[in-house]
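Undergrad: Below you'll find protein.pdb; it's PDB, C-alpha atoms, pLDDT in the B column.
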ATOM      1  CA  MET A 190      67.438  93.343 113.383  1.00 75.00           C
ATOM      2  CA  GLN A 191      67.907  96.392 111.217  1.00 89.00           C
ATOM      3  CA  ALA A 192      69.081  96.022 107.650  1.00 92.00           C
ATOM      4  CA  ARG A 193      72.581  97.298 107.015  1.00 95.00           C
ATOM      5  CA  PHE A 194      71.623  98.161 103.478  1.00 96.00           C
ATOM      6  CA  ASP A 195      68.338  98.311 101.579  1.00 94.00           C
ATOM      7  CA  LEU A 196      68.934  96.107  98.545  1.00 94.00           C
ATOM      8  CA  TYR A 197      65.682  97.230  96.945  1.00 91.00           C
ATOM      9  CA  GLY A 198      66.054 100.928  97.754  1.00 94.00           C
ATOM     10  CA  ASN A 199      69.240 101.319  95.743  1.00 96.00           C
ATOM     11  CA  ALA A 200      69.012 101.515  91.953  1.00 97.00           C
ATOM     12  CA  ILE A 201      72.045  99.301  91.336  1.00 98.00           C
ATOM     13  CA  THR A 202      71.133  96.455  93.684  1.00 96.00           C
ATOM     14  CA  ALA A 203      67.435  96.700  92.784  1.00 96.00           C
ATOM     15  CA  SER A 204      68.311  96.329  89.093  1.00 97.00           C
ATOM     16  CA  PHE A 205      70.713  93.483  89.844  1.00 97.00           C
ATOM     17  CA  THR A 206      68.234  91.547  91.984  1.00 96.00           C
ATOM     18  CA  LYS A 207      65.501  92.041  89.376  1.00 95.00           C
ATOM     19  CA  ARG A 208      67.763  90.395  86.806  1.00 97.00           C
ATOM     20  CA  MET A 209      68.576  87.572  89.236  1.00 97.00           C
ATOM     21  CA  ALA A 210      64.860  86.947  89.749  1.00 95.00           C
ATOM     22  CA  THR A 211      64.358  86.843  85.990  1.00 96.00           C
ATOM     23  CA  ALA A 212      67.237  84.369  85.594  1.00 96.00           C
ATOM     24  CA  ALA A 213      65.727  82.172  88.317  1.00 95.00           C
ATOM     25  CA  LYS A 214      62.597  81.700  86.188  1.00 96.00           C
ATOM     26  CA  VAL A 215      64.627  79.314  84.030  1.00 97.00           C
ATOM     27  CA  ILE A 216      64.903  77.018  87.059  1.00 97.00           C
ATOM     28  CA  ASP A 217      61.218  77.423  87.895  1.00 95.00           C
ATOM     29  CA  GLY A 218      60.321  76.266  84.388  1.00 96.00           C
ATOM     30  CA  SER A 219      62.689  73.300  84.474  1.00 98.00           C
ATOM     31  CA  PRO A 220      61.866  69.630  85.117  1.00 98.00           C
ATOM     32  CA  LEU A 221      63.538  69.763  88.553  1.00 98.00           C
ATOM     33  CA  PRO A 222      60.824  68.790  91.068  1.00 97.00           C
ATOM     34  CA  LYS A 223      59.537  71.902  92.865  1.00 96.00           C
ATOM     35  CA  SER A 224      59.807  70.207  96.270  1.00 96.00           C
ATOM     36  CA  THR A 225      63.480  69.402  95.610  1.00 98.00           C
ATOM     37  CA  HIS A 226      64.098  72.988  94.554  1.00 98.00           C
ATOM     38  CA  GLU A 227      62.612  74.286  97.822  1.00 97.00           C
ATOM     39  CA  LEU A 228      64.600  71.790  99.916  1.00 98.00           C
ATOM     40  CA  VAL A 229      67.801  72.931  98.182  1.00 98.00           C
ATOM     41  CA  LYS A 230      67.003  76.584  98.876  1.00 98.00           C
ATOM     42  CA  ILE A 231      66.247  75.872 102.522  1.00 98.00           C
ATOM     43  CA  ARG A 232      69.409  73.821 103.114  1.00 98.00           C
ATOM     44  CA  ALA A 233      71.803  76.253 101.436  1.00 98.00           C
ATOM     45  CA  SER A 234      70.190  79.143 103.311  1.00 98.00           C
ATOM     46  CA  GLN A 235      70.638  77.315 106.617  1.00 98.00           C
ATOM     47  CA  ILE A 236      74.313  76.663 105.889  1.00 96.00           C
ATOM     48  CA  ASN A 237      74.890  80.275 104.839  1.00 95.00           C
ATOM     49  CA  GLY A 238      73.077  81.704 107.851  1.00 95.00           C
ATOM     50  CA  CYS A 239      70.667  83.689 105.693  1.00 96.00           C
ATOM     51  CA  SER A 240      67.690  84.158 107.988  1.00 95.00           C
ATOM     52  CA  TYR A 241      65.702  86.036 105.346  1.00 95.00           C
ATOM     53  CA  CYS A 242      66.003  83.173 102.857  1.00 96.00           C
ATOM     54  CA  VAL A 243      65.321  80.493 105.493  1.00 97.00           C
ATOM     55  CA  ASP A 244      62.150  82.395 106.426  1.00 96.00           C
ATOM     56  CA  MET A 245      61.111  82.805 102.791  1.00 96.00           C
ATOM     57  CA  HIS A 246      61.755  79.280 101.596  1.00 96.00           C
ATOM     58  CA  THR A 247      60.334  77.455 104.607  1.00 97.00           C
ATOM     59  CA  LYS A 248      57.153  79.500 104.235  1.00 96.00           C
ATOM     60  CA  ASP A 249      57.053  78.962 100.464  1.00 95.00           C
ATOM     61  CA  ALA A 250      57.573  75.217 100.946  1.00 96.00           C
ATOM     62  CA  ALA A 251      54.749  75.023 103.496  1.00 96.00           C
ATOM     63  CA  HIS A 252      52.512  77.102 101.249  1.00 94.00           C
ATOM     64  CA  ALA A 253      53.220  74.666  98.392  1.00 93.00           C
ATOM     65  CA  GLY A 254      52.132  71.744 100.590  1.00 95.00           C
ATOM     66  CA  GLU A 255      55.430  70.553 102.047  1.00 97.00           C
ATOM     67  CA  THR A 256      54.978  68.958 105.474  1.00 97.00           C
ATOM     68  CA  SER A 257      56.244  70.621 108.628  1.00 97.00           C
ATOM     69  CA  VAL A 258      58.115  67.421 109.504  1.00 98.00           C
ATOM     70  CA  ARG A 259      60.188  67.553 106.321  1.00 98.00           C
ATOM     71  CA  ILE A 260      60.749  71.309 106.555  1.00 98.00           C
ATOM     72  CA  ASN A 261      61.879  70.985 110.174  1.00 97.00           C
ATOM     73  CA  LEU A 262      64.231  68.102 109.380  1.00 98.00           C
ATOM     74  CA  VAL A 263      66.072  69.594 106.406  1.00 98.00           C
ATOM     75  CA  ALA A 264      68.985  70.631 108.628  1.00 97.00           C
ATOM     76  CA  ALA A 265      69.362  67.037 109.851  1.00 98.00           C
ATOM     77  CA  TRP A 266      68.374  65.263 106.632  1.00 98.00           C
ATOM     78  CA  ARG A 267      71.121  62.632 106.898  1.00 97.00           C
ATOM     79  CA  GLU A 268      69.634  61.275 110.138  1.00 98.00           C
ATOM     80  CA  THR A 269      66.051  61.023 108.895  1.00 98.00           C
ATOM     81  CA  ASN A 270      63.904  58.711 106.826  1.00 98.00           C
ATOM     82  CA  VAL A 271      61.594  61.372 105.379  1.00 98.00           C
ATOM     83  CA  PHE A 272      63.539  62.267 102.224  1.00 98.00           C
ATOM     84  CA  THR A 273      63.689  60.231  99.027  1.00 98.00           C
ATOM     85  CA  GLU A 274      66.971  58.994  97.578  1.00 98.00           C
ATOM     86  CA  PRO A 275      66.854  61.648  94.819  1.00 98.00           C
ATOM     87  CA  GLU A 276      66.216  64.377  97.414  1.00 98.00           C
ATOM     88  CA  ARG A 277      69.090  63.073  99.529  1.00 98.00           C
ATOM     89  CA  ALA A 278      71.400  63.251  96.504  1.00 98.00           C
ATOM     90  CA  ALA A 279      70.276  66.838  95.829  1.00 98.00           C
ATOM     91  CA  LEU A 280      70.781  67.814  99.476  1.00 98.00           C
ATOM     92  CA  ALA A 281      74.270  66.266  99.521  1.00 98.00           C
ATOM     93  CA  LEU A 282      75.178  68.183  96.355  1.00 98.00           C
ATOM     94  CA  THR A 283      73.778  71.370  97.884  1.00 98.00           C
ATOM     95  CA  GLU A 284      75.865  70.977 101.031  1.00 97.00           C
ATOM     96  CA  GLU A 285      79.087  70.139  99.227  1.00 97.00           C
ATOM     97  CA  ALA A 286      78.686  72.899  96.637  1.00 97.00           C
ATOM     98  CA  THR A 287      77.697  75.476  99.259  1.00 96.00           C
ATOM     99  CA  ARG A 288      80.652  74.564 101.466  1.00 95.00           C
ATOM    100  CA  SER A 289      83.150  74.616  98.586  1.00 86.00           C
ATOM    101  CA  ALA A 290      84.104  78.131  99.668  1.00 73.00           C
ATOM    102  CA  ASP A 291      85.376  76.534 102.892  1.00 81.00           C
ATOM    103  CA  GLY A 292      87.859  74.403 100.968  1.00 82.00           C
ATOM    104  CA  GLY A 293      85.534  71.511 100.267  1.00 81.00           C
ATOM    105  CA  GLN A 294      84.443  70.175  96.935  1.00 93.00           C
ATOM    106  CA  VAL A 295      81.700  68.160  95.333  1.00 96.00           C
ATOM    107  CA  SER A 296      82.763  64.529  95.620  1.00 96.00           C
ATOM    108  CA  ASP A 297      82.602  62.084  92.751  1.00 97.00           C
ATOM    109  CA  GLU A 298      80.390  59.868  94.929  1.00 98.00           C
ATOM    110  CA  THR A 299      77.853  62.625  95.465  1.00 98.00           C
ATOM    111  CA  PHE A 300      77.797  63.541  91.806  1.00 98.00           C
ATOM    112  CA  ALA A 301      77.338  59.867  90.881  1.00 98.00           C
ATOM    113  CA  GLN A 302      74.250  59.787  93.130  1.00 98.00           C
ATOM    114  CA  VAL A 303      72.921  62.929  91.483  1.00 98.00           C
ATOM    115  CA  ARG A 304      73.564  61.413  88.048  1.00 98.00           C
ATOM    116  CA  LYS A 305      71.752  58.211  89.126  1.00 98.00           C
ATOM    117  CA  HIS A 306      68.562  60.072  90.055  1.00 98.00           C
ATOM    118  CA  TYR A 307      68.356  63.041  87.688  1.00 98.00           C
ATOM    119  CA  ASP A 308      68.562  63.572  83.926  1.00 98.00           C
ATOM    120  CA  ASP A 309      70.770  66.228  82.327  1.00 98.00           C
ATOM    121  CA  ASP A 310      68.107  68.954  82.357  1.00 98.00           C
ATOM    122  CA  GLN A 311      67.329  68.307  86.017  1.00 98.00           C
ATOM    123  CA  ILE A 312      71.044  68.326  86.877  1.00 98.00           C
ATOM    124  CA  ALA A 313      71.492  71.593  84.998  1.00 98.00           C
ATOM    125  CA  ALA A 314      68.582  73.096  86.933  1.00 98.00           C
ATOM    126  CA  LEU A 315      69.929  71.722  90.215  1.00 98.00           C
ATOM    127  CA  ILE A 316      73.369  73.256  89.613  1.00 98.00           C
ATOM    128  CA  ALA A 317      71.767  76.579  88.637  1.00 98.00           C
ATOM    129  CA  ALA A 318      69.470  76.464  91.684  1.00 98.00           C
ATOM    130  CA  ILE A 319      72.386  75.911  94.057  1.00 98.00           C
ATOM    131  CA  ALA A 320      74.375  78.729  92.460  1.00 97.00           C
ATOM    132  CA  MET A 321      71.358  81.059  92.542  1.00 98.00           C
ATOM    133  CA  ILE A 322      70.403  80.474  96.172  1.00 98.00           C
ATOM    134  CA  ASN A 323      74.008  80.902  97.272  1.00 97.00           C
ATOM    135  CA  ALA A 324      74.089  84.270  95.488  1.00 97.00           C
ATOM    136  CA  TRP A 325      70.788  85.333  97.109  1.00 97.00           C
ATOM    137  CA  ASN A 326      72.057  84.171 100.510  1.00 97.00           C
ATOM    138  CA  ARG A 327      75.187  86.237 100.233  1.00 96.00           C
ATOM    139  CA  LEU A 328      73.323  89.365  99.160  1.00 96.00           C
ATOM    140  CA  ASN A 329      70.843  89.134 102.040  1.00 96.00           C
ATOM    141  CA  ALA A 330      73.400  88.068 104.651  1.00 94.00           C
ATOM    142  CA  ILE A 331      75.735  90.932 103.750  1.00 95.00           C
ATOM    143  CA  ALA A 332      72.885  93.455 103.810  1.00 96.00           C
ATOM    144  CA  HIS A 333      71.399  91.901 106.995  1.00 94.00           C
ATOM    145  CA  THR A 334      67.975  91.743 105.389  1.00 94.00           C
ATOM    146  CA  PRO A 335      65.683  91.090 108.371  1.00 92.00           C
ATOM    147  CA  ALA A 336      63.602  87.911 108.493  1.00 94.00           C
ATOM    148  CA  GLY A 337      60.106  87.213 109.720  1.00 90.00           C
ATOM    149  CA  ASP A 338      57.824  89.387 107.613  1.00 89.00           C
ATOM    150  CA  TYR A 339      57.883  87.409 104.358  1.00 89.00           C
ATOM    151  CA  VAL A 340      54.473  86.372 103.018  1.00 91.00           C
ATOM    152  CA  PRO A 341      54.425  83.410 100.594  1.00 90.00           C
ATOM    153  CA  GLY A 342      54.160  84.548  97.002  1.00 76.00           C
ATOM    154  CA  GLN A 343      54.975  88.187  97.664  1.00 72.00           C
ATOM    155  CA  TRP A 344      57.864  88.124  95.191  1.00 67.00           C
ATOM    156  CA  GLY A 345      55.963  86.521  92.352  1.00 60.00           C
TER     157      GLY A 345
END
Once you've parsed the file, please lay out its structure as structure tokens.

TA:
Amino acid sequence: MQARFDLYGNAITASFTKRMATAAKVIDGSPLPKSTHELVKIRASQINGCSYCVDMHTKDAAHAGETSVRINLVAAWRETNVFTEPERAALALTEEATRSADGGQVSDETFAQVRKHYDDDQIAALIAAIAMINAWNRLNAIAHTPAGDYVPGQWG
């Protein structure tokens, strides 16, 4: 696949994405478990059809020690027994928030599960992480950023 647009070769989008990456450091420094953060990024990227982000975040998760079983089952997390209850709550929130553009919404039941398993700082980071990955997904999907060449850690 050829990119429609080089996000990093244009001064405006390069500056914008640099600022997004800086903003994302707030999430990286938060108390949200790193494995949960990666699972959220993978699931939203799958839903949004962002091949570049699926490639990146599955590789980053594996590089960080996530098992191939869990990475491979993120898309079918509801039918598995490999995710913890807190991770399941985060994945449900990710799906509902990501699909809100399709007329859905985050249910009170899902948010109650999130509230049960995470404190306010973790919830804040989770909300920010979902918003951030959805923004990255849209940028890369619109530009048709090709997948497959990402090397873990290449972006910092």

Undergrad: For the structure provided, state which residues fall under the PyMOL selection byres ((chain A and resi 221-225) around 12), and present them as a count of residues only.

TA: 53

Undergrad: Assuming the chain letters and numbering stay as they are in my file, what does the PyMOL selection byres ((chain A and resi 190) around 9) actually select? List them as a list in words.

TA: Gln191, Ala192, His333, Thr334, Pro335 and Ala336 of chain A

Undergrad: Could you please take those selected residues and save C-alpha atoms as a PDB file, keeping the file's coordinate frame?

TA:
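What landed in selection04.pdb:
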ATOM      1  CA  GLN A 191      67.907  96.392 111.217  1.00 89.00           C
ATOM      2  CA  ALA A 192      69.081  96.022 107.650  1.00 92.00           C
ATOM      3  CA  HIS A 333      71.399  91.901 106.995  1.00 94.00           C
ATOM      4  CA  THR A 334      67.975  91.743 105.389  1.00 94.00           C
ATOM      5  CA  PRO A 335      65.683  91.090 108.371  1.00 92.00           C
ATOM      6  CA  ALA A 336      63.602  87.911 108.493  1.00 94.00           C
TER       7      ALA A 336
END

Undergrad: How far is it from CA of Asn270 in chain A to CA of Val258 in chain A, in Å with one decimal?

TA: 10.8 Å

Undergrad: Find, counting only C-alpha atoms, the residue in A:Trp266, A:Phe300, A:Tyr241, A:Trp325 that gets nearest to Val340 in chain A.

TA: A:Tyr241

Undergrad: Kindly give the distance, in Å, that separates CA of Ala320 in chain A and CA of Ala210 in chain A, rounded to a single decimal.

TA: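 Distance reported for this atom pair: 12.9 Å.
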
Undergrad: Separation of CA of Asn326 in chain A and CA of Ala233 in chain A, in Å?

TA: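 We find that CA of Asn326 in chain A and CA of Ala233 in chain A lie 8.0 Å from each other.
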
Undergrad: Measuring atom to atom with only C-alpha atoms, identify which of A:Pro341, A:Cys242, A:Arg208, A:Ala213 is nearest to Asn329 in chain A.

TA: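 Looking only at the distances to Asn329 in chain A, the closest residue turns out to be A:Cys242.
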
Undergrad: Nearest residue to Met321 in chain A out of A:Leu196, A:Thr287, A:Asp244, A:Leu262, using all atoms listed in the file?

TA: A:Thr287

Undergrad: Looking at A:Ala203, A:Asn261, A:Gly342, A:Glu285, which one is nearest to Asp297 in chain A, with distances taken over all atoms listed in the file?

TA: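 Nearest to Asp297 in chain A: A:Glu285.
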
Undergrad: Can you report as JSON the centre and edge lengths in Å, to one decimal, of an axis-aligned box around the listed atoms of range 241-255 of chain A padded with 8 Å on each side?

TA:
{"center_x": 59.1, "center_y": 78.3, "center_z": 102.4, "size_x": 29.9, "size_y": 31.5, "size_z": 24.0}

Undergrad: Out of A:Gly198, A:Thr206, A:Leu328, A:Asn237, which residue has the shortest atom-to-atom distance to Asp291 in chain A when counting all atoms listed in the file?

TA: A:Asn237

Undergrad: Which of these, A:Ile331, A:Ala212, A:Ile201, A:Ile322, has the shortest distance to Met245 in chain A once you count all atoms listed in the file?

TA: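 Looking only at the distances to Met245 in chain A, the closest residue turns out to be A:Ile322.
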
Undergrad: Using the partial input, fill out range 323-334 of chain A with all heavy atoms; write the result as a PDB file, in the frame of the given file.

TA:
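Written out: rebuild-v3.pdb:
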ATOM      1  N   ASN A 323      72.801  80.429  96.594  1.00 97.00           N
ATOM      2  CA  ASN A 323      74.008  80.902  97.272  1.00 97.00           C
ATOM      3  C   ASN A 323      74.239  82.385  97.003  1.00 97.00           C
ATOM      4  O   ASN A 323      74.646  83.122  97.905  1.00 97.00           O
ATOM      5  CB  ASN A 323      75.218  80.048  96.877  1.00 97.00           C
ATOM      6  CG  ASN A 323      75.340  78.812  97.725  1.00 97.00           C
ATOM      7  OD1 ASN A 323      75.832  78.871  98.845  1.00 97.00           O
ATOM      8  ND2 ASN A 323      74.874  77.680  97.208  1.00 97.00           N
ATOM      9  N   ALA A 324      73.959  82.841  95.794  1.00 97.00           N
ATOM     10  CA  ALA A 324      74.089  84.270  95.488  1.00 97.00           C
ATOM     11  C   ALA A 324      73.073  85.082  96.293  1.00 97.00           C
ATOM     12  O   ALA A 324      73.421  86.116  96.890  1.00 97.00           O
ATOM     13  CB  ALA A 324      73.908  84.511  93.995  1.00 97.00           C
ATOM     14  N   TRP A 325      71.809  84.628  96.316  1.00 97.00           N
ATOM     15  CA  TRP A 325      70.788  85.333  97.109  1.00 97.00           C
ATOM     16  C   TRP A 325      71.172  85.357  98.591  1.00 97.00           C
ATOM     17  O   TRP A 325      71.018  86.385  99.268  1.00 97.00           O
ATOM     18  CB  TRP A 325      69.425  84.669  96.954  1.00 97.00           C
ATOM     19  CG  TRP A 325      68.706  84.997  95.694  1.00 97.00           C
ATOM     20  CD1 TRP A 325      68.415  84.151  94.671  1.00 97.00           C
ATOM     21  CD2 TRP A 325      68.158  86.269  95.319  1.00 97.00           C
ATOM     22  NE1 TRP A 325      67.731  84.819  93.687  1.00 97.00           N
ATOM     23  CE2 TRP A 325      67.556  86.120  94.057  1.00 97.00           C
ATOM     24  CE3 TRP A 325      68.128  87.523  95.928  1.00 97.00           C
ATOM     25  CZ2 TRP A 325      66.922  87.163  93.399  1.00 97.00           C
ATOM     26  CZ3 TRP A 325      67.495  88.572  95.270  1.00 97.00           C
ATOM     27  CH2 TRP A 325      66.904  88.388  94.023  1.00 97.00           C
ATOM     28  N   ASN A 326      71.659  84.236  99.101  1.00 97.00           N
ATOM     29  CA  ASN A 326      72.057  84.171 100.510  1.00 97.00           C
ATOM     30  C   ASN A 326      73.128  85.199 100.826  1.00 97.00           C
ATOM     31  O   ASN A 326      73.062  85.888 101.852  1.00 97.00           O
ATOM     32  CB  ASN A 326      72.611  82.784 100.861  1.00 97.00           C
ATOM     33  CG  ASN A 326      71.601  81.673 100.889  1.00 97.00           C
ATOM     34  OD1 ASN A 326      71.980  80.508 100.891  1.00 97.00           O
ATOM     35  ND2 ASN A 326      70.314  81.978 100.907  1.00 97.00           N
ATOM     36  N   ARG A 327      74.092  85.306  99.974  1.00 96.00           N
ATOM     37  CA  ARG A 327      75.187  86.237 100.233  1.00 96.00           C
ATOM     38  C   ARG A 327      74.703  87.684 100.186  1.00 96.00           C
ATOM     39  O   ARG A 327      75.072  88.489 101.034  1.00 96.00           O
ATOM     40  CB  ARG A 327      76.341  85.973  99.271  1.00 96.00           C
ATOM     41  CG  ARG A 327      77.170  84.786  99.762  1.00 96.00           C
ATOM     42  CD  ARG A 327      77.823  84.012  98.648  1.00 96.00           C
ATOM     43  NE  ARG A 327      78.648  82.924  99.121  1.00 96.00           N
ATOM     44  CZ  ARG A 327      78.190  81.738  99.534  1.00 96.00           C
ATOM     45  NH1 ARG A 327      76.895  81.498  99.576  1.00 96.00           N
ATOM     46  NH2 ARG A 327      79.022  80.791  99.921  1.00 96.00           N
ATOM     47  N   LEU A 328      73.870  88.010  99.223  1.00 96.00           N
ATOM     48  CA  LEU A 328      73.323  89.365  99.160  1.00 96.00           C
ATOM     49  C   LEU A 328      72.580  89.720 100.451  1.00 96.00           C
ATOM     50  O   LEU A 328      72.821  90.773 101.056  1.00 96.00           O
ATOM     51  CB  LEU A 328      72.349  89.501  97.984  1.00 96.00           C
ATOM     52  CG  LEU A 328      72.940  89.642  96.604  1.00 96.00           C
ATOM     53  CD1 LEU A 328      71.857  89.459  95.551  1.00 96.00           C
ATOM     54  CD2 LEU A 328      73.601  91.002  96.448  1.00 96.00           C
ATOM     55  N   ASN A 329      71.660  88.837 100.861  1.00 96.00           N
ATOM     56  CA  ASN A 329      70.843  89.134 102.040  1.00 96.00           C
ATOM     57  C   ASN A 329      71.624  89.062 103.344  1.00 96.00           C
ATOM     58  O   ASN A 329      71.370  89.846 104.258  1.00 96.00           O
ATOM     59  CB  ASN A 329      69.626  88.203 102.069  1.00 96.00           C
ATOM     60  CG  ASN A 329      68.589  88.627 101.060  1.00 96.00           C
ATOM     61  OD1 ASN A 329      68.041  89.712 101.138  1.00 96.00           O
ATOM     62  ND2 ASN A 329      68.329  87.775 100.088  1.00 96.00           N
ATOM     63  N   ALA A 330      72.588  88.148 103.431  1.00 94.00           N
ATOM     64  CA  ALA A 330      73.400  88.068 104.651  1.00 94.00           C
ATOM     65  C   ALA A 330      74.296  89.297 104.791  1.00 94.00           C
ATOM     66  O   ALA A 330      74.436  89.847 105.894  1.00 94.00           O
ATOM     67  CB  ALA A 330      74.234  86.788 104.657  1.00 94.00           C
ATOM     68  N   ILE A 331      74.889  89.736 103.699  1.00 95.00           N
ATOM     69  CA  ILE A 331      75.735  90.932 103.750  1.00 95.00           C
ATOM     70  C   ILE A 331      74.915  92.152 104.140  1.00 95.00           C
ATOM     71  O   ILE A 331      75.332  92.958 104.978  1.00 95.00           O
ATOM     72  CB  ILE A 331      76.438  91.162 102.392  1.00 95.00           C
ATOM     73  CG1 ILE A 331      77.474  90.070 102.124  1.00 95.00           C
ATOM     74  CG2 ILE A 331      77.086  92.551 102.341  1.00 95.00           C
ATOM     75  CD1 ILE A 331      77.976  90.026 100.685  1.00 95.00           C
ATOM     76  N   ALA A 332      73.737  92.290 103.548  1.00 96.00           N
ATOM     77  CA  ALA A 332      72.885  93.455 103.810  1.00 96.00           C
ATOM     78  C   ALA A 332      72.140  93.352 105.138  1.00 96.00           C
ATOM     79  O   ALA A 332      71.566  94.336 105.597  1.00 96.00           O
ATOM     80  CB  ALA A 332      71.879  93.627 102.681  1.00 96.00           C
ATOM     81  N   HIS A 333      72.171  92.161 105.763  1.00 94.00           N
ATOM     82  CA  HIS A 333      71.399  91.901 106.995  1.00 94.00           C
ATOM     83  C   HIS A 333      69.907  92.141 106.767  1.00 94.00           C
ATOM     84  O   HIS A 333      69.235  92.785 107.569  1.00 94.00           O
ATOM     85  CB  HIS A 333      71.868  92.768 108.155  1.00 94.00           C
ATOM     86  CG  HIS A 333      72.860  92.108 109.035  1.00 94.00           C
ATOM     87  ND1 HIS A 333      73.264  92.670 110.210  1.00 94.00           N
ATOM     88  CD2 HIS A 333      73.519  90.946 108.951  1.00 94.00           C
ATOM     89  CE1 HIS A 333      74.150  91.892 110.791  1.00 94.00           C
ATOM     90  NE2 HIS A 333      74.314  90.828 110.035  1.00 94.00           N
ATOM     91  N   THR A 334      69.396  91.604 105.661  1.00 94.00           N
ATOM     92  CA  THR A 334      67.975  91.743 105.389  1.00 94.00           C
ATOM     93  C   THR A 334      67.209  91.021 106.488  1.00 94.00           C
ATOM     94  O   THR A 334      67.411  89.831 106.698  1.00 94.00           O
ATOM     95  CB  THR A 334      67.626  91.157 104.007  1.00 94.00           C
ATOM     96  OG1 THR A 334      68.467  91.778 103.030  1.00 94.00           O
ATOM     97  CG2 THR A 334      66.163  91.391 103.661  1.00 94.00           C
TER      98      THR A 334
END
